[in-house]
Each structure stands twice: as C-alpha cells, then as structure tokens.
$ cat start09.cif   # mmCIF, C-alpha atoms
data_data
#
loop_
_atom_site.group_PDB
_atom_site.id
_atom_site.type_symbol
_atom_site.label_atom_id
_atom_site.label_comp_id
_atom_site.auth_asym_id
_atom_site.auth_seq_id
_atom_site.Cartn_x
_atom_site.Cartn_y
_atom_site.Cartn_z
ATOM 1 C CA MET A 1 70.825 145.892 133.295
ATOM 2 C CA SER A 2 72.067 149.403 134.162
ATOM 3 C CA ALA A 3 71.734 148.637 137.901
ATOM 4 C CA LEU A 4 74.057 145.643 137.491
ATOM 5 C CA ILE A 5 76.608 147.779 135.653
ATOM 6 C CA THR A 6 76.555 150.652 138.144
ATOM 7 C CA THR A 7 76.825 148.232 141.080
ATOM 8 C CA TYR A 8 79.760 146.459 139.432
ATOM 9 C CA VAL A 9 81.651 149.742 138.907
ATOM 10 C CA ALA A 10 80.713 151.146 142.338
ATOM 11 C CA HIS A 11 82.307 148.068 143.929
ATOM 12 C CA GLY A 12 85.636 148.473 142.158
ATOM 13 C CA GLY A 13 84.992 147.319 138.591
ATOM 14 C CA SER A 14 86.123 149.147 135.466
ATOM 15 C CA TRP A 15 83.835 150.186 132.625
ATOM 16 C CA LEU A 16 84.431 151.521 129.112
ATOM 17 C CA ALA A 17 81.310 153.273 127.824
ATOM 18 C CA LEU A 18 80.945 153.778 124.080
ATOM 19 C CA HIS A 19 78.640 156.109 122.209
ATOM 20 C CA SER A 20 76.103 153.557 121.019
ATOM 21 C CA GLY A 21 75.112 152.673 124.581
ATOM 22 C CA MET A 22 74.857 156.244 125.835
ATOM 23 C CA SER A 23 71.837 157.053 123.708
ATOM 24 C CA ASN A 24 69.788 154.301 125.376
ATOM 25 C CA TYR A 25 69.642 155.947 128.818
ATOM 26 C CA PRO A 26 67.867 159.139 129.940
ATOM 27 C CA ILE A 27 69.803 161.894 131.753
ATOM 28 C CA ASP A 28 68.351 160.980 135.151
ATOM 29 C CA SER A 29 69.152 157.247 134.885
ATOM 30 C CA GLY A 30 71.644 155.613 137.218
ATOM 31 C CA TYR A 31 73.787 154.711 134.200
ATOM 32 C CA SER A 32 74.011 158.326 132.987
ATOM 33 C CA GLN A 33 74.718 159.480 136.542
ATOM 34 C CA MET A 34 77.566 156.970 136.749
ATOM 35 C CA LEU A 35 78.928 158.111 133.387
ATOM 36 C CA LYS A 36 78.496 161.745 134.438
ATOM 37 C CA GLY A 37 77.492 162.311 130.835
ATOM 38 C CA TYR A 38 74.616 161.821 128.446
ATOM 39 C CA PHE A 39 73.848 161.702 124.723
ATOM 40 C CA ILE A 40 72.313 164.775 123.085
ATOM 41 C CA GLN A 41 72.410 164.087 119.326
ATOM 42 C CA HIS A 42 74.672 163.618 116.314
ATOM 43 C CA PRO A 43 74.549 164.877 112.732
ATOM 44 C CA GLU A 44 75.214 162.873 109.591
ATOM 45 C CA PRO A 45 78.901 161.914 109.130
ATOM 46 C CA LEU A 46 81.226 164.842 108.446
ATOM 47 C CA PRO A 47 84.927 165.638 109.020
ATOM 48 C CA VAL A 48 85.569 165.756 112.785
ATOM 49 C CA THR A 49 88.809 166.900 114.411
ATOM 50 C CA TYR A 50 89.710 165.146 117.660
ATOM 51 C CA LYS A 51 92.201 166.732 120.047
ATOM 52 C CA CYS A 52 93.706 164.482 122.733
ATOM 53 C CA ASP A 53 95.721 165.512 125.795
ATOM 54 C CA LEU A 54 96.641 162.143 127.329
ATOM 55 C CA THR A 55 100.367 162.760 126.816
ATOM 56 C CA ASP A 56 102.706 165.668 127.478
ATOM 57 C CA SER A 57 102.419 166.719 123.840
ATOM 58 C CA PRO A 58 98.748 166.907 122.778
ATOM 59 C CA SER A 59 97.848 165.343 119.434
ATOM 60 C CA GLN A 60 95.003 165.716 116.983
ATOM 61 C CA PHE A 61 93.535 163.833 114.037
ATOM 62 C CA VAL A 62 90.632 164.238 111.602
ATOM 63 C CA ILE A 63 88.228 161.488 110.538
ATOM 64 C CA GLN A 64 84.841 161.249 108.836
ATOM 65 C CA ASP A 65 82.523 160.566 111.763
ATOM 66 C CA GLU A 66 79.119 161.113 113.338
ATOM 67 C CA HIS A 67 79.999 164.024 115.600
ATOM 68 C CA TYR A 68 78.361 162.914 118.839
ATOM 69 C CA GLN A 69 77.186 165.791 121.008
ATOM 70 C CA VAL A 70 77.147 164.948 124.713
ATOM 71 C CA GLY A 71 76.553 166.806 127.932
ATOM 72 C CA LEU A 72 78.287 166.307 131.247
ATOM 73 C CA VAL A 73 76.346 165.884 134.483
ATOM 74 C CA ASP A 74 79.130 167.521 136.536
ATOM 75 C CA ASP A 75 82.664 168.822 136.230
ATOM 76 C CA TYR A 76 84.303 166.177 138.450
ATOM 77 C CA THR A 77 85.821 164.195 135.617
ATOM 78 C CA HIS A 78 89.014 164.363 133.558
ATOM 79 C CA ILE A 79 88.331 165.295 129.927
ATOM 80 C CA PHE A 80 91.086 163.881 127.712
ATOM 81 C CA LEU A 81 89.488 164.145 124.256
ATOM 82 C CA ARG A 82 87.528 166.961 122.604
ATOM 83 C CA SER A 83 85.917 167.033 119.171
ATOM 84 C CA PHE A 84 85.321 169.866 116.697
ATOM 85 C CA SER A 85 83.387 170.097 113.425
ATOM 86 C CA ASP A 86 80.953 172.327 111.543
ATOM 87 C CA ALA A 87 78.322 170.943 113.976
ATOM 88 C CA GLY A 88 80.152 172.498 116.942
ATOM 89 C CA GLU A 89 82.403 171.380 119.772
ATOM 90 C CA SER A 90 81.870 168.526 122.200
ATOM 91 C CA VAL A 91 83.565 166.458 124.855
ATOM 92 C CA ALA A 92 84.665 163.218 123.184
ATOM 93 C CA GLY A 93 86.362 161.273 125.971
ATOM 94 C CA TRP A 94 86.564 161.443 129.753
ATOM 95 C CA ARG A 95 87.446 159.351 132.776
ATOM 96 C CA HIS A 96 86.799 159.368 136.511
ATOM 97 C CA PHE A 97 86.477 157.193 139.570
ATOM 98 C CA TYR A 98 83.065 156.040 140.713
ATOM 99 C CA GLY A 99 81.598 154.552 143.854
ATOM 100 C CA SER A 100 83.940 153.577 146.651
ATOM 101 C CA GLY A 101 86.831 155.262 144.850
ATOM 102 C CA ASN A 102 88.140 152.093 143.257
ATOM 103 C CA GLY A 103 85.685 151.903 140.366
ATOM 104 C CA ARG A 104 87.127 153.289 137.119
ATOM 105 C CA LEU A 105 85.131 154.578 134.223
ATOM 106 C CA CYS A 106 86.168 155.772 130.778
ATOM 107 C CA ALA A 107 83.671 157.081 128.226
ATOM 108 C CA ARG A 108 84.129 157.647 124.498
ATOM 109 C CA PRO A 109 80.948 158.863 122.789
#
$ encode --input "start09.cif" --output "structure tokens"
Amino acid sequence: MSALITTYVAHGGSWLALHSGMSNYPIDSGYSQMLKGYFIQHPEPLPVTYKCDLTDSPSQFVIQDEHYQVGLVDDYTHIFLRSFSDAGESVAGWRHFYGSGNGRLCARP
C-alpha cells in the first residue's frame, strides 16, 4: 500500500498524513522517506501547547492530547506547527513537495 501512496504523490498527487498512520511504518520505509518524518512515541494524554506559524501573527492553543514525538528525516521541509508539554517538544506539523516537484505533502502527527 505504501508504494501506491508514494507513487501517487511523486506523480503530482497531494497527501495529508495523520499521526495514526505514521506509527505503522519503519524509519527506512518508502512512506517514512516520503513524509520525511517518523513516529517515535507518545505519552498518555496531558496538556499540550501547539504553536502555529501559518499566518503573519503566530497563534497558540492548549488541548488535552497524546503528545506525539516524531523525528524528521531531513531539514528540507517547512515546519508550521510545534508542540510543547511536560513530555518535551516536538514537531507537530510540516509540509513539503515530493517527487517531480508537483506532489504536495502535509503531515500532522
């Protein structure tokens, strides 16, 4: 299934990756390489602060959440959301182009 997804995006498709799917793929999988990120772990739900910089004036909000910890495969991606809690800090949302340059990917762990 991951080969179909990566081929679709590489040929100009768009993909929104959510946290529940990230944990199913190892770091060296084609899917994780496409995402340029991978699942590490998450603690039990706790208050998590999310800081977003998609607009000229950054915003933040706090929710009770499983604070997903993820790693990035490389730095060639735009991070637009970061998360903070007693469990630490993590990247919480990013986007980049993939494949021929027309494929678009957005991830929200």
$ resolve_selection --input "start09.cif" --expression "the PyMOL selection byres ((chain A and resi 85) around 8)" --output "short mmCIF file (atom, residue, chain, number, x, y, z; two decimals) with C-alpha atoms, in the frame of the given file"
data_model
loop_
_atom_site.label_atom_id
_atom_site.label_comp_id
_atom_site.auth_asym_id
_atom_site.auth_seq_id
_atom_site.Cartn_x
_atom_site.Cartn_y
_atom_site.Cartn_z
CA LEU A 46 81.23 164.84 108.45
CA PRO A 47 84.93 165.64 109.02
CA VAL A 48 85.57 165.76 112.78
CA THR A 49 88.81 166.90 114.41
CA HIS A 67 80.00 164.02 115.60
CA SER A 83 85.92 167.03 119.17
CA PHE A 84 85.32 169.87 116.70
CA ASP A 86 80.95 172.33 111.54
CA ALA A 87 78.32 170.94 113.98
CA GLY A 88 80.15 172.50 116.94
CA GLU A 89 82.40 171.38 119.77
#
$ atom_distance --input "start09.cif" --atom1 "CA of Ser23 in chain A" --atom2 "CA of Phe61 in chain A"
24.7 Å
$ closest_residue --input "start09.cif" --among "A:Tyr50, A:Asp28, A:Asp74, A:Leu16" --to "Val62 in chain A" --atoms "only C-alpha atoms"
A:Tyr50
$ resolve_selection --input "start09.cif" --expression "the PyMOL selection byres ((chain A and resi 9) around 12)" --output "PyMOL selection string"
chain A and resi 2-8+10-17+30-31+34-35+96-106
$ write_last_selection --input "start09.cif" --atoms "C-alpha atoms" --output "PDB file, in the coordinates of the input"
ATOM      1  CA  SER A   2      72.067 149.403 134.162  1.00  0.00           C
ATOM      2  CA  ALA A   3      71.734 148.637 137.901  1.00  0.00           C
ATOM      3  CA  LEU A   4      74.057 145.643 137.491  1.00  0.00           C
ATOM      4  CA  ILE A   5      76.608 147.779 135.653  1.00  0.00           C
ATOM      5  CA  THR A   6      76.555 150.652 138.144  1.00  0.00           C
ATOM      6  CA  THR A   7      76.825 148.232 141.080  1.00  0.00           C
ATOM      7  CA  TYR A   8      79.760 146.459 139.432  1.00  0.00           C
ATOM      8  CA  ALA A  10      80.713 151.146 142.338  1.00  0.00           C
ATOM      9  CA  HIS A  11      82.307 148.068 143.929  1.00  0.00           C
ATOM     10  CA  GLY A  12      85.636 148.473 142.158  1.00  0.00           C
ATOM     11  CA  GLY A  13      84.992 147.319 138.591  1.00  0.00           C
ATOM     12  CA  SER A  14      86.123 149.147 135.466  1.00  0.00           C
ATOM     13  CA  TRP A  15      83.835 150.186 132.625  1.00  0.00           C
ATOM     14  CA  LEU A  16      84.431 151.521 129.112  1.00  0.00           C
ATOM     15  CA  ALA A  17      81.310 153.273 127.824  1.00  0.00           C
ATOM     16  CA  GLY A  30      71.644 155.613 137.218  1.00  0.00           C
ATOM     17  CA  TYR A  31      73.787 154.711 134.200  1.00  0.00           C
ATOM     18  CA  MET A  34      77.566 156.970 136.749  1.00  0.00           C
ATOM     19  CA  LEU A  35      78.928 158.111 133.387  1.00  0.00           C
ATOM     20  CA  HIS A  96      86.799 159.368 136.511  1.00  0.00           C
ATOM     21  CA  PHE A  97      86.477 157.193 139.570  1.00  0.00           C
ATOM     22  CA  TYR A  98      83.065 156.040 140.713  1.00  0.00           C
ATOM     23  CA  GLY A  99      81.598 154.552 143.854  1.00  0.00           C
ATOM     24  CA  SER A 100      83.940 153.577 146.651  1.00  0.00           C
ATOM     25  CA  GLY A 101      86.831 155.262 144.850  1.00  0.00           C
ATOM     26  CA  ASN A 102      88.140 152.093 143.257  1.00  0.00           C
ATOM     27  CA  GLY A 103      85.685 151.903 140.366  1.00  0.00           C
ATOM     28  CA  ARG A 104      87.127 153.289 137.119  1.00  0.00           C
ATOM     29  CA  LEU A 105      85.131 154.578 134.223  1.00  0.00           C
ATOM     30  CA  CYS A 106      86.168 155.772 130.778  1.00  0.00           C
TER      31      CYS A 106
END
$ atom_distance --input "start09.cif" --atom1 "CA of Gln64 in chain A" --atom2 "CA of His78 in chain A"
25.3 Å
$ atom_distance --input "start09.cif" --atom1 "CA of Gln41 in chain A" --atom2 "CA of Arg108 in chain A"
14.3 Å
$ closest_residue --input "start09.cif" --among "A:Arg95, A:Lys51, A:Arg82, A:Lys36" --to "Ala107 in chain A" --atoms "all atoms listed in the file"
A:Arg95
$ resolve_selection --input "start09.cif" --expression "the PyMOL selection byres ((chain A and resi 21) around 10)" --output "NGL selection string"
:A and (17-20 or 22-25 or 31 or 38-39 or 109)
$ residues_around --input "start09.cif" --residues "Glu66 in chain A" --least-positions-apart "6" --cutoff "7 Å" --atoms "only C-alpha atoms" --output "ChimeraX atom specification"
/A:42-46
$ residues_near_point --input "start09.cif" --point "(80.5, 164.5, 120.4)" --cutoff "6 Å" --atoms "only C-alpha atoms" --output "list in words"
His67, Tyr68, Gln69, Val70, Ser90, Val91 and Ala92 of chain A
$ axis_aligned_box --input "start09.cif" --around "range 37-42 of chain A" --padding-each-side "5 Å" --output "JSON"
{"center_x": 74.9, "center_y": 163.2, "center_z": 123.6, "size_x": 15.2, "size_y": 13.1, "size_z": 24.5}
$ decode --input "start09.cif" --residues "range 66-103 of chain A" --atoms "N, CA, C and O atoms" --output "tab-separated table (two decimals), in the first residue's frame"
chain	number	residue	atom	x	y	z
A	66	GLU	N	-2.50	13.28	23.27
A	66	GLU	CA	-1.34	12.40	23.31
A	66	GLU	C	-0.23	13.16	22.59
A	66	GLU	O	-0.35	13.44	21.40
A	67	HIS	N	0.80	13.54	23.29
A	67	HIS	CA	1.84	14.38	22.71
A	67	HIS	C	2.78	13.55	21.86
A	67	HIS	O	3.78	13.03	22.32
A	68	TYR	N	2.42	13.40	20.59
A	68	TYR	CA	3.22	12.60	19.66
A	68	TYR	C	4.62	13.17	19.52
A	68	TYR	O	4.79	14.36	19.31
A	69	GLN	N	5.60	12.30	19.66
A	69	GLN	CA	7.00	12.65	19.45
A	69	GLN	C	7.41	12.07	18.11
A	69	GLN	O	7.23	10.87	17.87
A	70	VAL	N	7.89	12.92	17.21
A	70	VAL	CA	8.30	12.47	15.88
A	70	VAL	C	9.71	12.98	15.59
A	70	VAL	O	10.19	13.92	16.20
A	71	GLY	N	10.34	12.31	14.65
A	71	GLY	CA	11.65	12.74	14.17
A	71	GLY	C	11.53	13.08	12.70
A	71	GLY	O	10.68	12.54	12.00
A	72	LEU	N	12.41	13.97	12.24
A	72	LEU	CA	12.42	14.32	10.83
A	72	LEU	C	13.61	13.66	10.16
A	72	LEU	O	14.70	13.60	10.71
A	73	VAL	N	13.39	13.16	8.94
A	73	VAL	CA	14.43	12.50	8.18
A	73	VAL	C	15.43	13.54	7.66
A	73	VAL	O	16.61	13.29	7.59
A	74	ASP	N	14.96	14.72	7.25
A	74	ASP	CA	15.87	15.78	6.82
A	74	ASP	C	15.24	17.14	7.11
A	74	ASP	O	14.12	17.23	7.58
A	75	ASP	N	16.00	18.18	6.85
A	75	ASP	CA	15.54	19.53	7.17
A	75	ASP	C	14.83	20.22	6.02
A	75	ASP	O	14.42	21.36	6.14
A	76	TYR	N	14.70	19.56	4.86
A	76	TYR	CA	14.10	20.18	3.70
A	76	TYR	C	12.57	20.04	3.77
A	76	TYR	O	11.96	19.29	3.03
A	77	THR	N	11.99	20.75	4.69
A	77	THR	CA	10.55	20.74	4.87
A	77	THR	C	10.18	21.99	5.66
A	77	THR	O	11.01	22.51	6.41
A	78	HIS	N	8.99	22.49	5.48
A	78	HIS	CA	8.53	23.68	6.20
A	78	HIS	C	7.75	23.25	7.44
A	78	HIS	O	6.68	22.65	7.31
A	79	ILE	N	8.28	23.53	8.60
A	79	ILE	CA	7.58	23.23	9.86
A	79	ILE	C	6.66	24.40	10.17
A	79	ILE	O	7.10	25.53	10.27
A	80	PHE	N	5.36	24.11	10.31
A	80	PHE	CA	4.39	25.17	10.60
A	80	PHE	C	3.71	25.00	11.95
A	80	PHE	O	2.96	25.88	12.38
A	81	LEU	N	3.96	23.88	12.64
A	81	LEU	CA	3.32	23.63	13.92
A	81	LEU	C	4.29	22.90	14.83
A	81	LEU	O	4.90	21.91	14.42
A	82	ARG	N	4.46	23.41	16.04
A	82	ARG	CA	5.31	22.77	17.05
A	82	ARG	C	4.47	22.51	18.30
A	82	ARG	O	3.50	23.22	18.56
A	83	SER	N	4.86	21.49	19.05
A	83	SER	CA	4.10	21.14	20.26
A	83	SER	C	5.02	21.09	21.47
A	83	SER	O	6.20	20.72	21.35
A	84	PHE	N	4.46	21.44	22.63
A	84	PHE	CA	5.21	21.52	23.88
A	84	PHE	C	4.37	20.97	25.02
A	84	PHE	O	3.18	21.24	25.10
A	85	SER	N	5.00	20.18	25.89
A	85	SER	CA	4.32	19.66	27.08
A	85	SER	C	5.38	19.24	28.09
A	85	SER	O	6.59	19.39	27.84
A	86	ASP	N	4.94	18.66	29.20
A	86	ASP	CA	5.89	18.13	30.19
A	86	ASP	C	6.70	16.98	29.60
A	86	ASP	O	7.75	16.63	30.13
A	87	ALA	N	6.24	16.39	28.50
A	87	ALA	CA	6.96	15.29	27.84
A	87	ALA	C	8.06	15.80	26.92
A	87	ALA	O	8.84	15.03	26.39
A	88	GLY	N	8.10	17.11	26.67
A	88	GLY	CA	9.13	17.69	25.81
A	88	GLY	C	8.55	18.52	24.68
A	88	GLY	O	7.41	18.96	24.72
A	89	GLU	N	9.36	18.71	23.66
A	89	GLU	CA	8.99	19.50	22.49
A	89	GLU	C	9.06	18.60	21.25
A	89	GLU	O	9.90	17.71	21.18
A	90	SER	N	8.18	18.86	20.29
A	90	SER	CA	8.21	18.06	19.07
A	90	SER	C	7.68	18.88	17.90
A	90	SER	O	6.97	19.86	18.09
A	91	VAL	N	8.02	18.46	16.72
A	91	VAL	CA	7.42	19.00	15.51
A	91	VAL	C	6.01	18.40	15.42
A	91	VAL	O	5.83	17.21	15.60
A	92	ALA	N	5.02	19.24	15.14
A	92	ALA	CA	3.64	18.76	15.13
A	92	ALA	C	2.95	18.92	13.77
A	92	ALA	O	1.86	18.42	13.57
A	93	GLY	N	3.58	19.60	12.84
A	93	GLY	CA	3.01	19.75	11.51
A	93	GLY	C	4.05	20.29	10.55
A	93	GLY	O	4.81	21.18	10.89
A	94	TRP	N	4.11	19.71	9.36
A	94	TRP	CA	5.07	20.17	8.35
A	94	TRP	C	4.52	19.89	6.96
A	94	TRP	O	3.57	19.14	6.79
A	95	ARG	N	5.15	20.55	5.98
A	95	ARG	CA	4.72	20.35	4.59
A	95	ARG	C	5.93	20.48	3.67
A	95	ARG	O	6.92	21.15	4.00
A	96	HIS	N	5.86	19.83	2.53
A	96	HIS	CA	6.91	19.92	1.53
A	96	HIS	C	6.42	19.33	0.21
A	96	HIS	O	5.37	18.70	0.16
A	97	PHE	N	7.20	19.57	-0.81
A	97	PHE	CA	6.93	18.96	-2.12
A	97	PHE	C	7.66	17.64	-2.18
A	97	PHE	O	8.65	17.42	-1.50
A	98	TYR	N	7.16	16.74	-3.01
A	98	TYR	CA	7.76	15.42	-3.13
A	98	TYR	C	7.71	14.96	-4.58
A	98	TYR	O	6.77	15.25	-5.30
A	99	GLY	N	8.72	14.23	-4.97
A	99	GLY	CA	8.74	13.65	-6.31
A	99	GLY	C	9.13	14.65	-7.36
A	99	GLY	O	10.10	15.39	-7.20
A	100	SER	N	8.34	14.75	-8.41
A	100	SER	CA	8.66	15.60	-9.55
A	100	SER	C	8.56	17.08	-9.23
A	100	SER	O	8.80	17.90	-10.09
A	101	GLY	N	8.21	17.42	-8.01
A	101	GLY	CA	8.07	18.82	-7.63
A	101	GLY	C	6.63	19.26	-7.56
A	101	GLY	O	6.32	20.31	-7.02
A	102	ASN	N	5.73	18.45	-8.10
A	102	ASN	CA	4.32	18.81	-8.08
A	102	ASN	C	3.55	18.10	-6.96
A	102	ASN	O	2.46	18.51	-6.62
A	103	GLY	N	4.12	17.04	-6.42
A	103	GLY	CA	3.47	16.33	-5.33
A	103	GLY	C	3.53	17.16	-4.06
A	103	GLY	O	4.55	17.75	-3.74
